[in-house]
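Text of run.pdb, listed as PDB, C-alpha atoms:
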```pdb
ATOM      1  CA  GLY A   4    -138.721-149.201 106.588
ATOM      2  CA  ALA A   5    -138.723-149.547 102.850
ATOM      3  CA  ALA A   6    -135.955-152.161 102.813
ATOM      4  CA  ALA A   7    -137.831-154.399 105.247
ATOM      5  CA  ALA A   8    -141.026-154.073 103.199
ATOM      6  CA  PHE A   9    -139.137-154.927 100.005
ATOM      7  CA  VAL A  10    -137.528-158.007 101.576
ATOM      8  CA  GLN A  11    -140.882-159.199 102.918
ATOM      9  CA  ALA A  12    -142.596-158.691  99.541
ATOM     10  CA  ALA A  13    -139.785-160.571  97.803
ATOM     11  CA  ALA A  14    -140.062-163.411 100.326
ATOM     12  CA  GLU A  15    -143.810-163.691  99.807
ATOM     13  CA  ARG A  16    -143.320-163.800  96.036
ATOM     14  CA  VAL A  17    -140.520-166.371  96.183
ATOM     15  CA  ALA A  18    -142.461-168.539  98.660
ATOM     16  CA  GLN A  19    -145.246-169.003  96.115
ATOM     17  CA  PRO A  20    -144.735-172.295  94.280
ATOM     18  CA  ILE A  21    -144.187-172.113  90.546
ATOM     19  CA  PRO A  22    -147.034-174.072  88.911
ATOM     20  CA  GLY A  23    -145.849-177.355  87.460
ATOM     21  CA  ARG A  24    -142.393-177.141  89.034
ATOM     22  CA  LYS A  25    -141.291-179.805  91.481
ATOM     23  CA  PRO A  26    -138.989-179.021  94.402
ATOM     24  CA  SER A  27    -135.332-179.302  93.459
ATOM     25  CA  ALA A  28    -131.934-178.302  94.741
ATOM     26  CA  GLU A  29    -131.966-175.428  92.235
ATOM     27  CA  ALA A  30    -135.132-174.150  93.908
ATOM     28  CA  LEU A  31    -132.894-173.113  96.805
ATOM     29  CA  GLN A  32    -131.370-170.264  94.787
ATOM     30  CA  ARG A  33    -134.357-167.901  94.805
ATOM     31  CA  PRO A  34    -135.029-168.057  98.562
ATOM     32  CA  MET A  35    -131.310-167.744  99.269
ATOM     33  CA  LEU A  36    -131.169-164.479  97.318
ATOM     34  CA  VAL A  37    -133.868-163.020  99.559
ATOM     35  CA  LEU A  38    -132.316-164.407 102.754
ATOM     36  CA  ARG A  39    -128.874-163.083 101.797
ATOM     37  CA  LEU A  40    -130.400-159.664 101.133
ATOM     38  CA  ALA A  41    -132.126-159.707 104.521
ATOM     39  CA  GLY A  42    -128.829-160.627 106.146
ATOM     40  CA  ASP A  43    -126.825-158.044 104.221
ATOM     41  CA  LEU A  44    -129.300-155.371 105.324
ATOM     42  CA  GLY A  45    -129.131-156.554 108.931
ATOM     43  CA  LEU A  46    -132.793-157.562 108.877
ATOM     44  CA  TRP A  47    -132.252-160.702 110.953
ATOM     45  CA  GLY A  48    -135.712-160.299 112.495
ATOM     46  CA  SER A  49    -137.391-160.188 109.086
ATOM     47  CA  ALA A  50    -140.510-162.260 108.522
ATOM     48  CA  ALA A  51    -138.765-163.435 105.333
ATOM     49  CA  PHE A  52    -137.087-166.212 107.333
ATOM     50  CA  PRO A  53    -140.293-167.949 108.484
ATOM     51  CA  SER A  54    -142.023-167.084 105.187
ATOM     52  CA  LEU A  55    -139.390-168.982 103.219
ATOM     53  CA  ALA A  56    -138.855-171.857 105.661
ATOM     54  CA  HIS A  57    -141.173-174.271 103.812
ATOM     55  CA  SER A  58    -139.623-173.554 100.398
ATOM     56  CA  VAL A  59    -136.111-173.817 101.818
ATOM     57  CA  THR A  60    -136.962-177.069 103.613
ATOM     58  CA  SER A  61    -138.278-178.667 100.406
ATOM     59  CA  ALA A  62    -135.207-177.583  98.460
ATOM     60  CA  VAL A  63    -132.770-178.759 101.155
ATOM     61  CA  LEU A  64    -134.423-182.181 101.168
ATOM     62  CA  CYS A  65    -133.722-182.396  97.418
ATOM     63  CA  CYS A  66    -130.056-181.463  97.848
ATOM     64  CA  GLY A  67    -127.266-183.952  97.798
ATOM     65  CA  GLY A  68    -123.587-183.462  98.386
ATOM     66  CA  SER A  69    -123.332-181.440  95.172
ATOM     67  CA  HIS A  70    -125.068-178.493  96.860
ATOM     68  CA  ALA A  71    -123.186-178.689 100.149
ATOM     69  CA  HIS A  72    -122.127-175.033 100.048
ATOM     70  CA  ASP A  73    -125.744-173.881  99.627
ATOM     71  CA  VAL A  74    -126.954-176.087 102.468
ATOM     72  CA  ARG A  75    -124.228-174.729 104.757
ATOM     73  CA  GLU A  76    -125.127-171.161 103.785
ATOM     74  CA  VAL A  77    -128.811-171.747 104.542
ATOM     75  CA  ALA A  78    -127.861-173.111 107.961
ATOM     76  CA  ARG A  79    -125.656-170.066 108.585
ATOM     77  CA  LEU A  80    -128.356-167.596 107.536
ATOM     78  CA  TYR A  81    -131.037-169.219 109.680
ATOM     79  CA  ALA A  82    -128.619-169.499 112.623
ATOM     80  CA  HIS A  83    -128.230-165.703 112.580
ATOM     81  CA  ALA A  84    -131.946-165.019 112.147
ATOM     82  CA  ALA A  85    -133.884-163.782 115.139
ATOM     83  CA  GLN A  86    -136.641-166.215 114.147
ATOM     84  CA  PRO A  87    -136.206-169.793 115.396
ATOM     85  CA  PHE A  88    -135.736-172.646 112.946
ATOM     86  CA  THR A  89    -138.875-174.564 112.108
ATOM     87  CA  VAL A  90    -138.658-178.173 113.234
ATOM     88  CA  ALA A  91    -138.972-179.336 109.622
ATOM     89  CA  LEU A  92    -136.106-177.110 108.459
ATOM     90  CA  ALA A  93    -133.890-178.148 111.363
ATOM     91  CA  LEU A  94    -134.522-181.825 110.580
ATOM     92  CA  ALA A  95    -133.880-181.269 106.862
ATOM     93  CA  LEU A  96    -130.547-179.591 107.613
ATOM     94  CA  VAL A  97    -129.522-182.281 110.095
ATOM     95  CA  SER A  98    -130.399-184.950 107.523
ATOM     96  CA  ARG A  99    -127.809-183.401 105.187
ATOM     97  CA  VAL A 100    -124.902-183.253 107.663
ATOM     98  CA  GLU A 101    -123.153-186.268 106.142
ATOM     99  CA  ALA A 102    -123.694-184.980 102.580
ATOM    100  CA  VAL A 103    -122.077-181.639 103.450
ATOM    101  CA  GLY A 104    -118.995-183.182 104.959
ATOM    102  CA  GLY A 105    -120.199-183.183 108.542
ATOM    103  CA  GLU A 106    -120.200-179.369 108.830
ATOM    104  CA  LEU A 107    -123.213-177.125 109.236
TER     105      LEU A 107
END
```
Please rewrite the model in this file as structure tokens.
Amino acid sequence: GAAAAFVQAAAERVAQPIPGRKPSAEALQRPMLVLRLAGDLGLWGSAAFPSLAHSVTSAVLCCGGSHAHDVREVARLYAHAAQPFTVALALALVSRVEAVGGEL
């Protein structure tokens, strides 16, 4: 429906890199807003999850222990998604296990 179309359009927009901006931990905020919305609406099968996987992976790789809560939330959101994790995202999350206190 309309909600699914909105979430997908938002994901496509957020997935587009901002010219001149390098990946950073703060870059995780925009995709997380879309993923949270998809989750809140029960759209766990949304194409937003695979659409944002590359952006989320880049941001997670930039995260240290200071963004542990965000990394855990990303793992939780993707764990509920009907879409499987990409290998790159799974490896990025696993690489941050120690930084997030051993909990994902």
### Query
So how far away is CA of Ala78 (chain A) from CA of Ala91 (chain A), in Å?
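Between CA of Ala91 (chain A) and CA of Ala78 (chain A) the gap is 12.8 Å.
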## Note on the structure
note - CA of Leu44 (chain A) and CA of Arg16 (chain A) are separated by 18.8 Å
#### Entry: Residues selected by the PyMOL selection byres ((chain A and resi 56) around 12), written as number ranges by chain
A: 14-15, 17-19, 31, 34-35, 37-38, 50-55, 57-63, 77-78, 80-81, 84, 86-96
### Query
Which distance in Å separates CA of Trp47 (chain A) and CA of Ala82 (chain A), to one decimal?
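Computing it gives 9.7 Å between the two atoms.
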### Task
Kindly indicate which residue among A:Asp73, A:Cys65, A:Gly23, A:Ala6 lies nearest to Ala41 (chain A), using all atoms listed in the file for the distances.
A:Ala6
### Query
From the set A:Leu64, A:Glu76, A:Glu101, A:Ala71, which residue has the shortest atom-to-atom contact distance to Ala30 (chain A), counting all atoms listed in the file?
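Distance minimum relative to Ala30 (chain A) lands on A:Leu64.
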Could you rebuild region 71-96 of chain A with N, CA and C atoms and give it back as a CSV table (one decimal), in the coordinates of the input?
```
chain,number,residue,atom,x,y,z
A,71,ALA,N,-123.6,-178.8,98.8
A,71,ALA,CA,-123.2,-178.7,100.1
A,71,ALA,C,-123.0,-177.2,100.6
A,72,HIS,N,-122.4,-176.4,99.7
A,72,HIS,CA,-122.1,-175.0,100.0
A,72,HIS,C,-123.4,-174.3,100.3
A,73,ASP,N,-124.4,-174.5,99.5
A,73,ASP,CA,-125.7,-173.9,99.6
A,73,ASP,C,-126.4,-174.3,100.9
A,74,VAL,N,-126.3,-175.6,101.2
A,74,VAL,CA,-127.0,-176.1,102.5
A,74,VAL,C,-126.3,-175.5,103.7
A,75,ARG,N,-124.9,-175.4,103.6
A,75,ARG,CA,-124.2,-174.7,104.8
A,75,ARG,C,-124.6,-173.3,104.9
A,76,GLU,N,-124.8,-172.6,103.7
A,76,GLU,CA,-125.1,-171.2,103.8
A,76,GLU,C,-126.5,-171.0,104.4
A,77,VAL,N,-127.5,-171.8,104.0
A,77,VAL,CA,-128.8,-171.7,104.5
A,77,VAL,C,-128.8,-171.9,106.1
A,78,ALA,N,-128.0,-172.9,106.5
A,78,ALA,CA,-127.9,-173.1,108.0
A,78,ALA,C,-127.3,-171.9,108.6
A,79,ARG,N,-126.3,-171.3,108.0
A,79,ARG,CA,-125.7,-170.1,108.6
A,79,ARG,C,-126.7,-168.9,108.7
A,80,LEU,N,-127.4,-168.7,107.6
A,80,LEU,CA,-128.4,-167.6,107.5
A,80,LEU,C,-129.4,-167.8,108.6
A,81,TYR,N,-130.0,-169.0,108.7
A,81,TYR,CA,-131.0,-169.2,109.7
A,81,TYR,C,-130.5,-169.2,111.1
A,82,ALA,N,-129.2,-169.6,111.3
A,82,ALA,CA,-128.6,-169.5,112.6
A,82,ALA,C,-128.5,-168.1,113.1
A,83,HIS,N,-128.3,-167.1,112.2
A,83,HIS,CA,-128.2,-165.7,112.6
A,83,HIS,C,-129.6,-165.0,112.7
A,84,ALA,N,-130.6,-165.6,112.1
A,84,ALA,CA,-131.9,-165.0,112.1
A,84,ALA,C,-132.5,-165.0,113.6
A,85,ALA,N,-133.2,-163.9,113.8
A,85,ALA,CA,-133.9,-163.8,115.1
A,85,ALA,C,-135.0,-164.8,115.3
A,86,GLN,N,-135.5,-165.3,114.1
A,86,GLN,CA,-136.6,-166.2,114.1
A,86,GLN,C,-136.1,-167.6,114.4
A,87,PRO,N,-136.7,-168.4,115.2
A,87,PRO,CA,-136.2,-169.8,115.4
A,87,PRO,C,-136.4,-170.7,114.1
A,88,PHE,N,-135.6,-171.7,114.0
A,88,PHE,CA,-135.7,-172.6,112.9
A,88,PHE,C,-137.1,-173.3,113.1
A,89,THR,N,-137.7,-173.7,112.0
A,89,THR,CA,-138.9,-174.6,112.1
A,89,THR,C,-138.3,-176.0,112.4
A,90,VAL,N,-139.1,-176.8,113.0
A,90,VAL,CA,-138.7,-178.2,113.2
A,90,VAL,C,-138.3,-178.9,111.9
A,91,ALA,N,-139.2,-178.7,110.9
A,91,ALA,CA,-139.0,-179.3,109.6
A,91,ALA,C,-137.7,-178.9,109.0
A,92,LEU,N,-137.4,-177.6,109.0
A,92,LEU,CA,-136.1,-177.1,108.5
A,92,LEU,C,-134.9,-177.6,109.2
A,93,ALA,N,-135.0,-177.6,110.5
A,93,ALA,CA,-133.9,-178.1,111.4
A,93,ALA,C,-133.6,-179.6,111.0
A,94,LEU,N,-134.7,-180.4,110.9
A,94,LEU,CA,-134.5,-181.8,110.6
A,94,LEU,C,-134.0,-182.0,109.2
A,95,ALA,N,-134.4,-181.2,108.2
A,95,ALA,CA,-133.9,-181.3,106.9
A,95,ALA,C,-132.4,-181.0,106.8
A,96,LEU,N,-132.0,-179.9,107.6
A,96,LEU,CA,-130.5,-179.6,107.6
A,96,LEU,C,-129.7,-180.7,108.3
```
